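Engineer: Handing over structure-v8.pdb, PDB, C-alpha atoms.
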ATOM      1  CA  MET V1241      44.517  -4.194 -57.590
ATOM      2  CA  LYS V1242      42.140  -4.852 -60.460
ATOM      3  CA  PHE V1243      39.130  -7.006 -59.659
ATOM      4  CA  PHE V1244      39.276 -10.669 -60.692
ATOM      5  CA  ASP V1245      36.490 -10.022 -63.230
ATOM      6  CA  ASP V1246      38.542  -7.310 -64.986
ATOM      7  CA  MET V1247      41.606  -9.528 -65.483
ATOM      8  CA  GLN V1248      42.362 -11.426 -68.684
ATOM      9  CA  ILE V1249      44.693 -14.250 -69.607
ATOM     10  CA  GLY V1250      47.814 -12.673 -71.109
ATOM     11  CA  ASP V1251      47.614  -9.440 -69.058
ATOM     12  CA  ARG V1252      51.267  -8.498 -68.563
ATOM     13  CA  ARG V1253      52.919  -5.978 -66.308
ATOM     14  CA  GLU V1254      56.384  -4.857 -65.289
ATOM     15  CA  ILE V1255      56.610  -5.131 -61.512
ATOM     16  CA  GLY V1256      59.896  -3.371 -60.846
ATOM     17  CA  LYS V1257      63.571  -4.067 -60.303
ATOM     18  CA  HIS V1258      65.871  -4.809 -57.403
ATOM     19  CA  LEU V1259      69.632  -4.412 -56.900
ATOM     20  CA  PHE V1260      71.078  -7.276 -54.841
ATOM     21  CA  THR V1261      73.991  -5.825 -52.856
ATOM     22  CA  ALA V1262      76.636  -7.993 -51.155
ATOM     23  CA  GLU V1263      75.635  -6.564 -47.779
ATOM     24  CA  GLU V1264      71.956  -7.416 -48.275
ATOM     25  CA  ILE V1265      72.757 -10.912 -49.627
ATOM     26  CA  LYS V1266      74.848 -11.710 -46.538
ATOM     27  CA  ARG V1267      72.315 -10.225 -44.113
ATOM     28  CA  PHE V1268      69.484 -12.385 -45.504
ATOM     29  CA  ALA V1269      71.757 -15.442 -45.536
ATOM     30  CA  ARG V1270      72.830 -14.936 -41.905
ATOM     31  CA  SER V1271      69.211 -15.205 -40.794
ATOM     32  CA  PHE V1272      67.835 -17.830 -43.135
ATOM     33  CA  ASP V1273      70.353 -19.564 -45.427
ATOM     34  CA  PRO V1274      73.916 -19.465 -44.085
ATOM     35  CA  GLN V1275      75.465 -21.645 -46.783
ATOM     36  CA  PRO V1276      79.050 -20.484 -47.504
ATOM     37  CA  PHE V1277      78.291 -19.322 -51.067
ATOM     38  CA  HIS V1278      75.694 -16.833 -49.685
ATOM     39  CA  MET V1279      77.818 -15.653 -46.748
ATOM     40  CA  ASP V1280      81.418 -15.136 -47.780
ATOM     41  CA  GLU V1281      83.094 -13.920 -51.001
ATOM     42  CA  GLU V1282      86.149 -16.164 -50.631
ATOM     43  CA  ALA V1283      84.161 -19.327 -49.862
ATOM     44  CA  ALA V1284      81.800 -18.490 -52.727
ATOM     45  CA  ARG V1285      84.750 -18.146 -55.121
ATOM     46  CA  ARG V1286      85.786 -21.703 -54.273
ATOM     47  CA  SER V1287      82.216 -23.041 -54.694
ATOM     48  CA  HIS V1288      80.527 -24.181 -57.913
ATOM     49  CA  PHE V1289      78.820 -20.740 -58.075
ATOM     50  CA  GLY V1290      82.191 -18.945 -58.405
ATOM     51  CA  ALA V1291      81.142 -15.748 -56.599
ATOM     52  CA  LEU V1292      78.875 -14.484 -53.817
ATOM     53  CA  CYS V1293      75.232 -15.010 -54.820
ATOM     54  CA  ALA V1294      71.811 -14.475 -53.244
ATOM     55  CA  SER V1295      69.854 -17.200 -51.456
ATOM     56  CA  GLY V1296      67.025 -18.288 -53.711
ATOM     57  CA  TRP V1297      64.656 -17.410 -50.870
ATOM     58  CA  HIS V1298      66.072 -13.886 -50.816
ATOM     59  CA  THR V1299      65.048 -13.632 -54.482
ATOM     60  CA  THR V1300      61.486 -14.744 -53.731
ATOM     61  CA  ALA V1301      61.221 -12.258 -50.836
ATOM     62  CA  ALA V1302      62.629  -9.335 -52.855
ATOM     63  CA  CYS V1303      60.226 -10.134 -55.702
ATOM     64  CA  MET V1304      57.295 -10.217 -53.243
ATOM     65  CA  ARG V1305      58.213  -6.752 -51.968
ATOM     66  CA  LEU V1306      58.113  -5.404 -55.532
ATOM     67  CA  ILE V1307      54.717  -7.052 -56.128
ATOM     68  CA  VAL V1308      53.275  -5.499 -52.932
ATOM     69  CA  ASP V1309      54.636  -2.047 -53.860
ATOM     70  CA  TYR V1310      53.257  -2.393 -57.380
ATOM     71  CA  HIS V1311      49.784  -3.170 -56.025
ATOM     72  CA  LYS V1312      49.931  -0.261 -53.575
ATOM     73  CA  ASP V1313      50.759   2.157 -56.402
ATOM     74  CA  LEU V1314      47.957   0.702 -58.525
ATOM     75  CA  ALA V1315      45.489   0.988 -55.616
ATOM     76  CA  ALA V1316      46.479   4.649 -55.087
ATOM     77  CA  GLU V1317      45.849   5.374 -58.786
ATOM     78  CA  MET V1318      42.428   3.711 -58.611
ATOM     79  CA  ILE V1319      41.459   5.651 -55.479
ATOM     80  CA  ALA V1320      42.592   8.886 -57.175
ATOM     81  CA  ARG V1321      40.190   8.053 -60.043
ATOM     82  CA  GLY V1322      37.369   7.495 -57.540
ATOM     83  CA  GLU V1323      37.415   3.680 -57.895
ATOM     84  CA  ARG V1324      37.672   1.112 -55.105
ATOM     85  CA  PRO V1325      40.640  -1.247 -55.562
ATOM     86  CA  ALA V1326      39.998  -4.989 -55.238
ATOM     87  CA  LYS V1327      41.135  -6.787 -52.092
ATOM     88  CA  ILE V1328      44.062  -9.172 -52.373
ATOM     89  CA  GLY V1329      43.650 -12.365 -50.383
ATOM     90  CA  PRO V1330      46.263 -14.816 -49.184
ATOM     91  CA  SER V1331      48.083 -17.227 -51.457
ATOM     92  CA  PRO V1332      47.529 -20.986 -51.209
ATOM     93  CA  GLY V1333      51.045 -21.597 -52.555
ATOM     94  CA  PHE V1334      53.128 -21.580 -55.716
ATOM     95  CA  LYS V1335      54.448 -23.942 -58.397
ATOM     96  CA  ASN V1336      57.419 -24.373 -60.713
ATOM     97  CA  LEU V1337      59.854 -22.037 -59.000
ATOM     98  CA  LYS V1338      63.109 -22.068 -61.005
ATOM     99  CA  TRP V1339      66.353 -20.413 -59.928
ATOM    100  CA  ARG V1340      67.700 -20.526 -63.471
ATOM    101  CA  LYS V1341      70.987 -18.744 -62.849
ATOM    102  CA  PRO V1342      72.712 -17.403 -59.749
ATOM    103  CA  ILE V1343      71.977 -13.782 -58.820
ATOM    104  CA  TYR V1344      75.397 -12.378 -57.962
ATOM    105  CA  ALA V1345      76.218  -9.420 -55.706
ATOM    106  CA  GLY V1346      75.742  -6.262 -57.774
ATOM    107  CA  ASP V1347      73.151  -7.786 -60.131
ATOM    108  CA  THR V1348      69.943  -5.879 -60.832
ATOM    109  CA  VAL V1349      66.942  -8.081 -61.586
ATOM    110  CA  THR V1350      63.813  -6.799 -63.345
ATOM    111  CA  PHE V1351      60.591  -8.698 -62.662
ATOM    112  CA  ALA V1352      57.496  -8.997 -64.870
ATOM    113  CA  SER V1353      54.251 -10.979 -64.485
ATOM    114  CA  GLU V1354      51.628 -12.396 -66.802
ATOM    115  CA  VAL V1355      48.161 -13.781 -65.976
ATOM    116  CA  ILE V1356      48.082 -17.438 -67.067
ATOM    117  CA  GLU V1357      44.975 -18.856 -65.335
ATOM    118  CA  LEU V1358      41.738 -17.391 -63.912
ATOM    119  CA  ARG V1359      39.330 -19.547 -61.946
ATOM    120  CA  PRO V1360      36.411 -18.501 -59.718
ATOM    121  CA  SER V1361      36.823 -19.983 -56.237
ATOM    122  CA  ALA V1362      34.388 -22.882 -55.765
ATOM    123  CA  SER V1363      34.135 -22.465 -51.995
ATOM    124  CA  ARG V1364      34.402 -18.652 -51.709
ATOM    125  CA  PRO V1365      32.102 -16.961 -54.249
ATOM    126  CA  GLN V1366      33.449 -13.471 -53.506
ATOM    127  CA  TRP V1367      36.962 -14.530 -54.560
ATOM    128  CA  GLY V1368      38.707 -15.666 -57.724
ATOM    129  CA  VAL V1369      41.953 -17.663 -57.941
ATOM    130  CA  VAL V1370      44.578 -16.074 -60.201
ATOM    131  CA  HIS V1371      47.732 -17.797 -61.451
ATOM    132  CA  MET V1372      50.528 -15.457 -62.530
ATOM    133  CA  PHE V1373      53.748 -16.450 -64.278
ATOM    134  CA  THR V1374      56.476 -14.169 -62.943
ATOM    135  CA  GLN V1375      59.994 -13.995 -64.310
ATOM    136  CA  GLY V1376      63.157 -12.140 -63.362
ATOM    137  CA  THR V1377      65.808 -10.989 -65.844
ATOM    138  CA  ASN V1378      69.254  -9.677 -64.907
ATOM    139  CA  GLN V1379      71.074  -6.647 -66.357
ATOM    140  CA  LYS V1380      72.613  -8.860 -69.065
ATOM    141  CA  GLY V1381      69.185  -9.946 -70.265
ATOM    142  CA  GLU V1382      69.535 -13.450 -68.816
ATOM    143  CA  ARG V1383      66.450 -15.091 -67.334
ATOM    144  CA  VAL V1384      67.422 -15.851 -63.733
ATOM    145  CA  TYR V1385      64.098 -16.541 -62.029
ATOM    146  CA  GLU V1386      60.659 -18.005 -62.795
ATOM    147  CA  ILE V1387      57.664 -18.813 -60.628
ATOM    148  CA  GLU V1388      53.980 -19.539 -60.952
ATOM    149  CA  ASN V1389      52.319 -17.501 -58.172
ATOM    150  CA  ILE V1390      48.765 -18.183 -57.056
ATOM    151  CA  ALA V1391      46.547 -15.682 -55.187
ATOM    152  CA  PHE V1392      42.969 -15.003 -54.162
ATOM    153  CA  ILE V1393      41.667 -11.757 -55.742
ATOM    154  CA  GLU V1394      38.301 -10.171 -54.914
ATOM    155  CA  ARG V1395      35.406 -10.484 -57.420
ATOM    156  CA  ARG V1396      32.957  -7.715 -58.203
ATOM    157  CA  ALA V1397      29.656  -8.174 -56.378
ATOM    158  CA  ALA V1398      27.187 -10.010 -58.630
TER     159      ALA V1398
ATOM    160  CA  MET K  27      84.232 -30.722 -44.094
ATOM    161  CA  PRO K  28      80.852 -32.114 -45.128
ATOM    162  CA  ARG K  29      79.970 -35.522 -43.760
ATOM    163  CA  ILE K  30      76.998 -36.300 -46.002
ATOM    164  CA  TYR K  31      77.601 -36.732 -49.727
ATOM    165  CA  PHE K  32      75.191 -37.792 -52.462
ATOM    166  CA  GLU K  33      76.149 -41.442 -51.919
ATOM    167  CA  ASP K  34      75.177 -41.274 -48.225
ATOM    168  CA  ILE K  35      71.584 -40.135 -48.708
ATOM    169  CA  VAL K  36      69.154 -43.051 -48.410
ATOM    170  CA  PRO K  37      65.752 -42.811 -50.130
ATOM    171  CA  GLY K  38      63.021 -43.046 -47.493
ATOM    172  CA  SER K  39      65.162 -41.546 -44.744
ATOM    173  CA  VAL K  40      63.583 -38.772 -42.684
ATOM    174  CA  THR K  41      65.421 -35.848 -41.089
ATOM    175  CA  THR K  42      63.760 -33.685 -38.453
ATOM    176  CA  CYS K  43      64.829 -30.335 -37.046
ATOM    177  CA  GLY K  44      63.383 -27.786 -34.663
ATOM    178  CA  PRO K  45      61.076 -26.755 -33.200
ATOM    179  CA  ARG K  46      61.723 -23.086 -33.752
ATOM    180  CA  THR K  47      59.315 -20.573 -32.224
ATOM    181  CA  ILE K  48      58.350 -17.624 -34.380
ATOM    182  CA  THR K  49      57.649 -14.359 -32.556
ATOM    183  CA  ARG K  50      55.318 -11.473 -33.370
ATOM    184  CA  GLU K  51      58.370  -9.209 -33.709
ATOM    185  CA  GLU K  52      59.983 -11.532 -36.272
ATOM    186  CA  ILE K  53      56.741 -11.771 -38.275
ATOM    187  CA  ILE K  54      56.367  -7.986 -38.409
ATOM    188  CA  ALA K  55      60.068  -7.355 -39.116
ATOM    189  CA  PHE K  56      60.133  -9.782 -42.062
ATOM    190  CA  ALA K  57      56.850  -8.455 -43.438
ATOM    191  CA  SER K  58      57.952  -4.821 -43.080
ATOM    192  CA  GLU K  59      60.940  -5.541 -45.306
ATOM    193  CA  PHE K  60      59.539  -8.045 -47.798
ATOM    194  CA  ASP K  61      55.757  -8.441 -47.651
ATOM    195  CA  PRO K  62      54.109  -5.351 -46.095
ATOM    196  CA  GLN K  63      50.477  -6.438 -46.317
ATOM    197  CA  PRO K  64      48.023  -5.798 -43.417
ATOM    198  CA  MET K  65      47.592  -9.512 -42.583
ATOM    199  CA  HIS K  66      51.335  -9.739 -41.789
ATOM    200  CA  LEU K  67      51.766  -6.357 -40.048
ATOM    201  CA  ASP K  68      48.859  -5.403 -37.857
ATOM    202  CA  GLU K  69      46.641  -7.511 -35.574
ATOM    203  CA  GLU K  70      43.505  -5.382 -35.984
ATOM    204  CA  ALA K  71      43.790  -5.109 -39.765
ATOM    205  CA  ALA K  72      44.636  -8.822 -40.003
ATOM    206  CA  LYS K  73      41.393  -9.771 -38.203
ATOM    207  CA  LYS K  74      39.427  -8.368 -41.128
ATOM    208  CA  THR K  75      41.308 -10.503 -43.710
ATOM    209  CA  MET K  76      40.703 -14.091 -44.851
ATOM    210  CA  LEU K  77      43.450 -15.270 -42.465
ATOM    211  CA  GLY K  78      41.490 -13.925 -39.475
ATOM    212  CA  GLY K  79      44.513 -12.692 -37.525
ATOM    213  CA  LEU K  80      48.183 -11.755 -37.718
ATOM    214  CA  SER K  81      50.051 -14.417 -39.735
ATOM    215  CA  ALA K  82      53.571 -14.814 -41.050
ATOM    216  CA  SER K  83      54.243 -14.067 -44.704
ATOM    217  CA  GLY K  84      54.408 -17.328 -46.638
ATOM    218  CA  TRP K  85      57.862 -16.234 -47.810
ATOM    219  CA  HIS K  86      58.907 -15.902 -44.183
ATOM    220  CA  THR K  87      57.682 -19.468 -43.568
ATOM    221  CA  CYS K  88      59.712 -20.617 -46.592
ATOM    222  CA  ALA K  89      62.794 -18.804 -45.267
ATOM    223  CA  ILE K  90      62.366 -20.505 -41.865
ATOM    224  CA  MET K  91      62.011 -23.836 -43.689
ATOM    225  CA  MET K  92      65.344 -23.110 -45.424
ATOM    226  CA  ARG K  93      66.988 -22.321 -42.093
ATOM    227  CA  LEU K  94      65.721 -25.571 -40.562
ATOM    228  CA  ILE K  95      66.927 -27.501 -43.635
ATOM    229  CA  TYR K  96      70.327 -25.861 -43.166
ATOM    230  CA  ASP K  97      70.555 -26.441 -39.404
ATOM    231  CA  GLY K  98      69.227 -29.982 -39.516
ATOM    232  CA  PHE K  99      70.798 -31.261 -42.717
ATOM    233  CA  ALA K 100      72.608 -29.013 -45.176
ATOM    234  CA  VAL K 101      75.183 -27.811 -42.629
ATOM    235  CA  ASN K 102      76.634 -31.336 -42.634
ATOM    236  CA  ALA K 103      76.054 -32.093 -46.310
ATOM    237  CA  ALA K 104      77.942 -31.402 -49.523
ATOM    238  CA  SER K 105      74.938 -29.345 -50.650
ATOM    239  CA  MET K 106      75.113 -27.533 -53.961
ATOM    240  CA  GLY K 107      71.771 -25.786 -53.488
ATOM    241  CA  ALA K 108      68.640 -26.484 -55.509
ATOM    242  CA  PRO K 109      67.609 -25.565 -59.075
ATOM    243  CA  GLY K 110      64.103 -24.720 -57.909
ATOM    244  CA  ILE K 111      61.010 -25.818 -56.028
ATOM    245  CA  ASP K 112      58.333 -27.948 -57.709
ATOM    246  CA  GLU K 113      55.551 -26.821 -55.413
ATOM    247  CA  VAL K 114      54.823 -25.189 -52.071
ATOM    248  CA  LYS K 115      51.415 -25.346 -50.419
ATOM    249  CA  TRP K 116      50.764 -22.924 -47.559
ATOM    250  CA  LEU K 117      48.120 -25.048 -45.839
ATOM    251  CA  LYS K 118      47.536 -23.152 -42.580
ATOM    252  CA  PRO K 119      48.410 -19.696 -41.247
ATOM    253  CA  VAL K 120      51.532 -19.426 -39.077
ATOM    254  CA  ARG K 121      50.715 -17.311 -36.002
ATOM    255  CA  PRO K 122      52.880 -15.477 -33.458
ATOM    256  CA  GLY K 123      54.149 -17.994 -30.903
ATOM    257  CA  ASP K 124      53.818 -21.005 -33.207
ATOM    258  CA  SER K 125      56.664 -23.528 -32.988
ATOM    259  CA  LEU K 126      57.634 -24.988 -36.344
ATOM    260  CA  SER K 127      59.426 -28.283 -36.930
ATOM    261  CA  LEU K 128      60.889 -29.670 -40.125
ATOM    262  CA  ARG K 129      60.188 -33.120 -41.573
ATOM    263  CA  LEU K 130      62.429 -33.703 -44.583
ATOM    264  CA  THR K 131      61.939 -36.973 -46.453
ATOM    265  CA  ALA K 132      64.420 -38.117 -49.104
ATOM    266  CA  LEU K 133      62.633 -39.704 -52.064
ATOM    267  CA  GLU K 134      64.283 -40.880 -55.276
ATOM    268  CA  LYS K 135      67.840 -40.098 -56.432
ATOM    269  CA  ARG K 136      68.976 -39.180 -59.944
ATOM    270  CA  GLU K 137      72.472 -39.135 -61.447
ATOM    271  CA  PRO K 138      72.758 -37.011 -64.594
ATOM    272  CA  LYS K 139      75.091 -38.626 -67.155
ATOM    273  CA  THR K 140      76.596 -35.234 -68.009
ATOM    274  CA  ARG K 141      77.560 -34.476 -64.381
ATOM    275  CA  PRO K 142      79.523 -37.377 -62.868
ATOM    276  CA  ASP K 143      80.522 -35.210 -59.887
ATOM    277  CA  MET K 144      77.015 -34.716 -58.455
ATOM    278  CA  GLY K 145      73.472 -36.012 -58.187
ATOM    279  CA  PHE K 146      69.911 -34.927 -57.461
ATOM    280  CA  VAL K 147      67.831 -36.033 -54.484
ATOM    281  CA  GLN K 148      64.097 -35.405 -54.633
ATOM    282  CA  PHE K 149      62.701 -34.308 -51.254
ATOM    283  CA  ARG K 150      59.324 -33.880 -49.683
ATOM    284  CA  CYS K 151      59.634 -31.131 -47.117
ATOM    285  CA  GLU K 152      56.972 -30.348 -44.513
ATOM    286  CA  LEU K 153      56.710 -27.859 -41.671
ATOM    287  CA  LEU K 154      54.533 -28.842 -38.712
ATOM    288  CA  ASN K 155      53.256 -26.599 -35.941
ATOM    289  CA  GLN K 156      53.100 -27.410 -32.199
ATOM    290  CA  ARG K 157      49.748 -29.169 -32.720
ATOM    291  CA  GLY K 158      51.252 -31.492 -35.331
ATOM    292  CA  GLU K 159      49.375 -29.768 -38.180
ATOM    293  CA  VAL K 160      51.232 -29.505 -41.480
ATOM    294  CA  VAL K 161      51.380 -25.758 -42.240
ATOM    295  CA  LEU K 162      53.621 -26.035 -45.307
ATOM    296  CA  ASP K 163      54.033 -28.950 -47.724
ATOM    297  CA  SER K 164      56.613 -28.803 -50.503
ATOM    298  CA  ALA K 165      58.586 -30.823 -53.039
ATOM    299  CA  TYR K 166      62.015 -29.981 -54.479
ATOM    300  CA  PRO K 167      65.170 -31.515 -55.916
ATOM    301  CA  GLY K 168      68.385 -30.902 -53.944
ATOM    302  CA  MET K 169      71.833 -31.087 -55.557
ATOM    303  CA  PHE K 170      74.678 -32.830 -53.729
ATOM    304  CA  ALA K 171      78.319 -33.394 -54.575
ATOM    305  CA  LYS K 172      79.648 -36.941 -54.763
ATOM    306  CA  ARG K 173      82.705 -38.057 -52.805
ATOM    307  CA  LYS K 174      85.893 -37.322 -54.660
ATOM    308  CA  ARG K 175      87.413 -40.551 -55.915
ATOM    309  CA  GLU K 176      90.696 -39.970 -54.061
ATOM    310  CA  ALA K 177      88.865 -39.372 -50.802
ATOM    311  CA  ALA K 178      86.884 -42.577 -51.169
ATOM    312  CA  GLU K 179      89.924 -44.759 -51.769
TER     313      GLU K 179
END
As structure tokens, how would this structure be written, given the file I've shared?
Structural biologist:
Amino acid sequence: MKFFDDMQIGDRREIGKHLFTAEEIKRFARSFDPQPFHMDEEAARRSHFGALCASGWHTTAACMRLIVDYHKDLAAEMIARGERPAKIGPSPGFKNLKWRKPIYAGDTVTFASEVIELRPSASRPQWGVVHMFTQGTNQKGERVYEIENIAFIERRAA
Amino acid sequence: MPRIYFEDIVPGSVTTCGPRTITREEIIAFASEFDPQPMHLDEEAAKKTMLGGLSASGWHTCAIMMRLIYDGFAVNAASMGAPGIDEVKWLKPVRPGDSLSLRLTALEKREPKTRPDMGFVQFRCELLNQRGEVVLDSAYPGMFAKRKREAAE
């Protein structure tokens, strides 16, 4: 991870993509969101969604996994260059999550993020608060997912 | 058949569900698949982070919130899902052994003119731990089908 001080508004990055299989959609739904349109093809066909689609919380979790993997790869590159990667702190929350279109079984969603706000933490001088706008696009080019993520990112020592 | 339609939801009404206890194994299993960061995977590594100890991924907490909404409310409702979430605040870490309860408050209702078959209900949704502390506070609009005219007559 880049340090807070090295980030700029408008910094954009491709995070990665994820294929949502029917098996994975149903497995997540069984544990956390067993509504018929996430559990069963036939019930989903009769619902307003028209076909089996992922729980919105499955989308957020799959996107998080891609973000973590992206940061691990970036950290490995920095270490290889002899740099220390910045620490990533916890997130205080998120805003404006939009499940714009259903993600159906077999869809592949590509996620990308952009830095939209940078604010030094008032109470924790070694940390900055970063707001990222993340969006997901399916294989047809349709925007299916949007979220404003917030995270603590380490600052360079003054 | 659902028992709760849009017409049945009363602004101000509160639904509770739970508690549900979250185990260390569940925290690590969810994090291993979706959020493999040290603070969600390993007690020793987690002690050195801002959270000060092993804590559930915030996305895991959201998924548990969804399950409690389903078990306590949506299972009986003509739910059509939600278009999104206005805001989630992760206010306190969720630790192994914590018992989480849902407090779902219906706020205002909206009926879009273009969709006579359904309506929106704005909710405030909180998760509380066994000490009564709010660990997650959120706001979202839920979509619910209306009773079919034939069924109502």
Engineer: Might you pull out every residue within 10 Å of Ser39 (chain K), with only C-alpha atoms counted and same-chain residues fewer than 2 positions away left off, and present them as number ranges by chain?
Structural biologist: K: 35-37, 41, 130-133
Engineer: Out of V:Arg1321, V:Lys1312, V:Arg1286, V:Lys1338, which residue has the shortest atom-to-atom distance to chain K when counting only C-alpha atoms?
Structural biologist: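 For chain K, the nearest of the candidates is V:Lys1338.
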Engineer: Starting from the PyMOL selection byres ((chain V) within 6 of (chain K)), expand the selection into actual residues of this file and give them as a PyMOL selection string.
Structural biologist: chain V and resi 1272-1273+1301+1305+1332-1339
Engineer: Evaluate the PyMOL selection byres ((chain V and resi 1264) around 12) against this structure - the residues, as an MDAnalysis selection string, please.
Structural biologist: (chainID V and resid 1258:1263 1265:1271 1278:1279 1292:1295 1298:1299 1302 1344:1347) or (chainID K and resid 59)
Engineer: Given the file shown, enumerate the residues that the PyMOL selection byres ((chain K and resi 154) around 10) captures and present them as a short mmCIF file (atom, residue, chain, number, x, y, z; two decimals) with C-alpha atoms, in the frame of the given file.
Structural biologist:
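Once everything was written out, this is part01.cif:
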data_model
loop_
_atom_site.label_atom_id
_atom_site.label_comp_id
_atom_site.auth_asym_id
_atom_site.auth_seq_id
_atom_site.Cartn_x
_atom_site.Cartn_y
_atom_site.Cartn_z
CA GLY K 44 63.38 -27.79 -34.66
CA PRO K 45 61.08 -26.76 -33.20
CA LYS K 118 47.54 -23.15 -42.58
CA VAL K 120 51.53 -19.43 -39.08
CA ASP K 124 53.82 -21.00 -33.21
CA SER K 125 56.66 -23.53 -32.99
CA LEU K 126 57.63 -24.99 -36.34
CA SER K 127 59.43 -28.28 -36.93
CA LEU K 128 60.89 -29.67 -40.12
CA ARG K 129 60.19 -33.12 -41.57
CA GLU K 152 56.97 -30.35 -44.51
CA LEU K 153 56.71 -27.86 -41.67
CA ASN K 155 53.26 -26.60 -35.94
CA GLN K 156 53.10 -27.41 -32.20
CA ARG K 157 49.75 -29.17 -32.72
CA GLY K 158 51.25 -31.49 -35.33
CA GLU K 159 49.38 -29.77 -38.18
CA VAL K 160 51.23 -29.50 -41.48
CA VAL K 161 51.38 -25.76 -42.24
CA LEU K 162 53.62 -26.04 -45.31
CA ASP K 163 54.03 -28.95 -47.72
#
Engineer: Figure out the distance between CA of Met27 (chain K) and CA of Gln1275 (chain V), please, to one decimal in Å.
Structural biologist: 12.9 Å
Engineer: May I ask for the distance between CA of Glu1394 (chain V) and CA of Met1304 (chain V), given in Å to one decimal place?
Structural biologist: 19.1 Å
Engineer: With all atoms listed in the file counted, which protein, DNA or RNA residues have an atom no more than 7 Å from (38.3, -14.7, -61.8) in the file frame? Please answer as a ChimeraX atom specification.
Structural biologist: /V:1244-1245,1358-1360,1368-1370,1395
Engineer: So that I have them on file, write out the residues from the current selection with C-alpha atoms, as a short mmCIF file (atom, residue, chain, number, x, y, z; two decimals), in the coordinates of the input.
Structural biologist:
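Heads up, here's the output in selection34.cif:
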data_model
loop_
_atom_site.label_atom_id
_atom_site.label_comp_id
_atom_site.auth_asym_id
_atom_site.auth_seq_id
_atom_site.Cartn_x
_atom_site.Cartn_y
_atom_site.Cartn_z
CA PHE V 1244 39.28 -10.67 -60.69
CA ASP V 1245 36.49 -10.02 -63.23
CA LEU V 1358 41.74 -17.39 -63.91
CA ARG V 1359 39.33 -19.55 -61.95
CA PRO V 1360 36.41 -18.50 -59.72
CA GLY V 1368 38.71 -15.67 -57.72
CA VAL V 1369 41.95 -17.66 -57.94
CA VAL V 1370 44.58 -16.07 -60.20
CA ARG V 1395 35.41 -10.48 -57.42
#
Engineer: With distances taken over all atoms listed in the file, which residue among K:Ile53, K:Ala171, K:Ile30, K:Met144 lies nearest Asn102 (chain K)?
Structural biologist: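 Checking each of K:Ile53, K:Ala171, K:Ile30, K:Met144 against Asn102 (chain K), counting all atoms listed in the file, the winner is K:Ile30.
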Engineer: Between CA of Asp68 (chain K) and CA of Ser1353 (chain V), what is the spacing in Å?
Structural biologist: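 Between CA of Ser1353 (chain V) and CA of Asp68 (chain K) the gap is 27.7 Å.
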Engineer: For Glu33 (chain K), find every residue with an atom within 10 Å (counting only C-alpha atoms), except residues of its own chain fewer than 5 positions away, and show them as a list in words.
Structural biologist: Lys135, Met144, Gly145, Phe170, Ala171, Lys172 and Arg173 of chain K
Engineer: Could you tell me which of V:Thr1350, V:Ser1361, V:Ser1331, V:Gln1366 comes closest to Gly1381 (chain V) if we count all atoms listed in the file?
Structural biologist: V:Thr1350
Engineer: Where atoms are missing, can you supply N, CA and C atoms for region 46-57 of chain K and output the lot as a PDB file, in the frame of the given file?
Structural biologist:
ATOM      1  N   ARG K  46      61.292 -24.474 -33.879  1.00  0.00           N
ATOM      2  CA  ARG K  46      61.723 -23.086 -33.752  1.00  0.00           C
ATOM      3  C   ARG K  46      60.470 -22.230 -33.571  1.00  0.00           C
ATOM      4  N   THR K  47      60.471 -21.428 -32.514  1.00  0.00           N
ATOM      5  CA  THR K  47      59.315 -20.573 -32.224  1.00  0.00           C
ATOM      6  C   THR K  47      59.450 -19.265 -32.977  1.00  0.00           C
ATOM      7  N   ILE K  48      58.353 -18.850 -33.582  1.00  0.00           N
ATOM      8  CA  ILE K  48      58.350 -17.624 -34.380  1.00  0.00           C
ATOM      9  C   ILE K  48      57.588 -16.548 -33.596  1.00  0.00           C
ATOM     10  N   THR K  49      58.240 -15.416 -33.385  1.00  0.00           N
ATOM     11  CA  THR K  49      57.649 -14.359 -32.556  1.00  0.00           C
ATOM     12  C   THR K  49      56.907 -13.339 -33.414  1.00  0.00           C
ATOM     13  N   ARG K  50      56.030 -12.577 -32.731  1.00  0.00           N
ATOM     14  CA  ARG K  50      55.318 -11.473 -33.370  1.00  0.00           C
ATOM     15  C   ARG K  50      56.312 -10.466 -33.976  1.00  0.00           C
ATOM     16  N   GLU K  51      57.384 -10.186 -33.233  1.00  0.00           N
ATOM     17  CA  GLU K  51      58.370  -9.209 -33.709  1.00  0.00           C
ATOM     18  C   GLU K  51      59.025  -9.689 -35.000  1.00  0.00           C
ATOM     19  N   GLU K  52      59.369 -10.982 -35.055  1.00  0.00           N
ATOM     20  CA  GLU K  52      59.983 -11.532 -36.272  1.00  0.00           C
ATOM     21  C   GLU K  52      59.021 -11.453 -37.460  1.00  0.00           C
ATOM     22  N   ILE K  53      57.754 -11.786 -37.205  1.00  0.00           N
ATOM     23  CA  ILE K  53      56.741 -11.771 -38.275  1.00  0.00           C
ATOM     24  C   ILE K  53      56.624 -10.361 -38.857  1.00  0.00           C
ATOM     25  N   ILE K  54      56.547  -9.363 -37.956  1.00  0.00           N
ATOM     26  CA  ILE K  54      56.367  -7.986 -38.409  1.00  0.00           C
ATOM     27  C   ILE K  54      57.640  -7.465 -39.076  1.00  0.00           C
ATOM     28  N   ALA K  55      58.811  -7.833 -38.526  1.00  0.00           N
ATOM     29  CA  ALA K  55      60.068  -7.355 -39.116  1.00  0.00           C
ATOM     30  C   ALA K  55      60.250  -7.902 -40.536  1.00  0.00           C
ATOM     31  N   PHE K  56      59.981  -9.202 -40.722  1.00  0.00           N
ATOM     32  CA  PHE K  56      60.133  -9.782 -42.062  1.00  0.00           C
ATOM     33  C   PHE K  56      59.140  -9.130 -43.016  1.00  0.00           C
ATOM     34  N   ALA K  57      57.886  -9.010 -42.569  1.00  0.00           N
ATOM     35  CA  ALA K  57      56.850  -8.455 -43.438  1.00  0.00           C
ATOM     36  C   ALA K  57      57.135  -6.996 -43.779  1.00  0.00           C
TER      37      ALA K  57
END
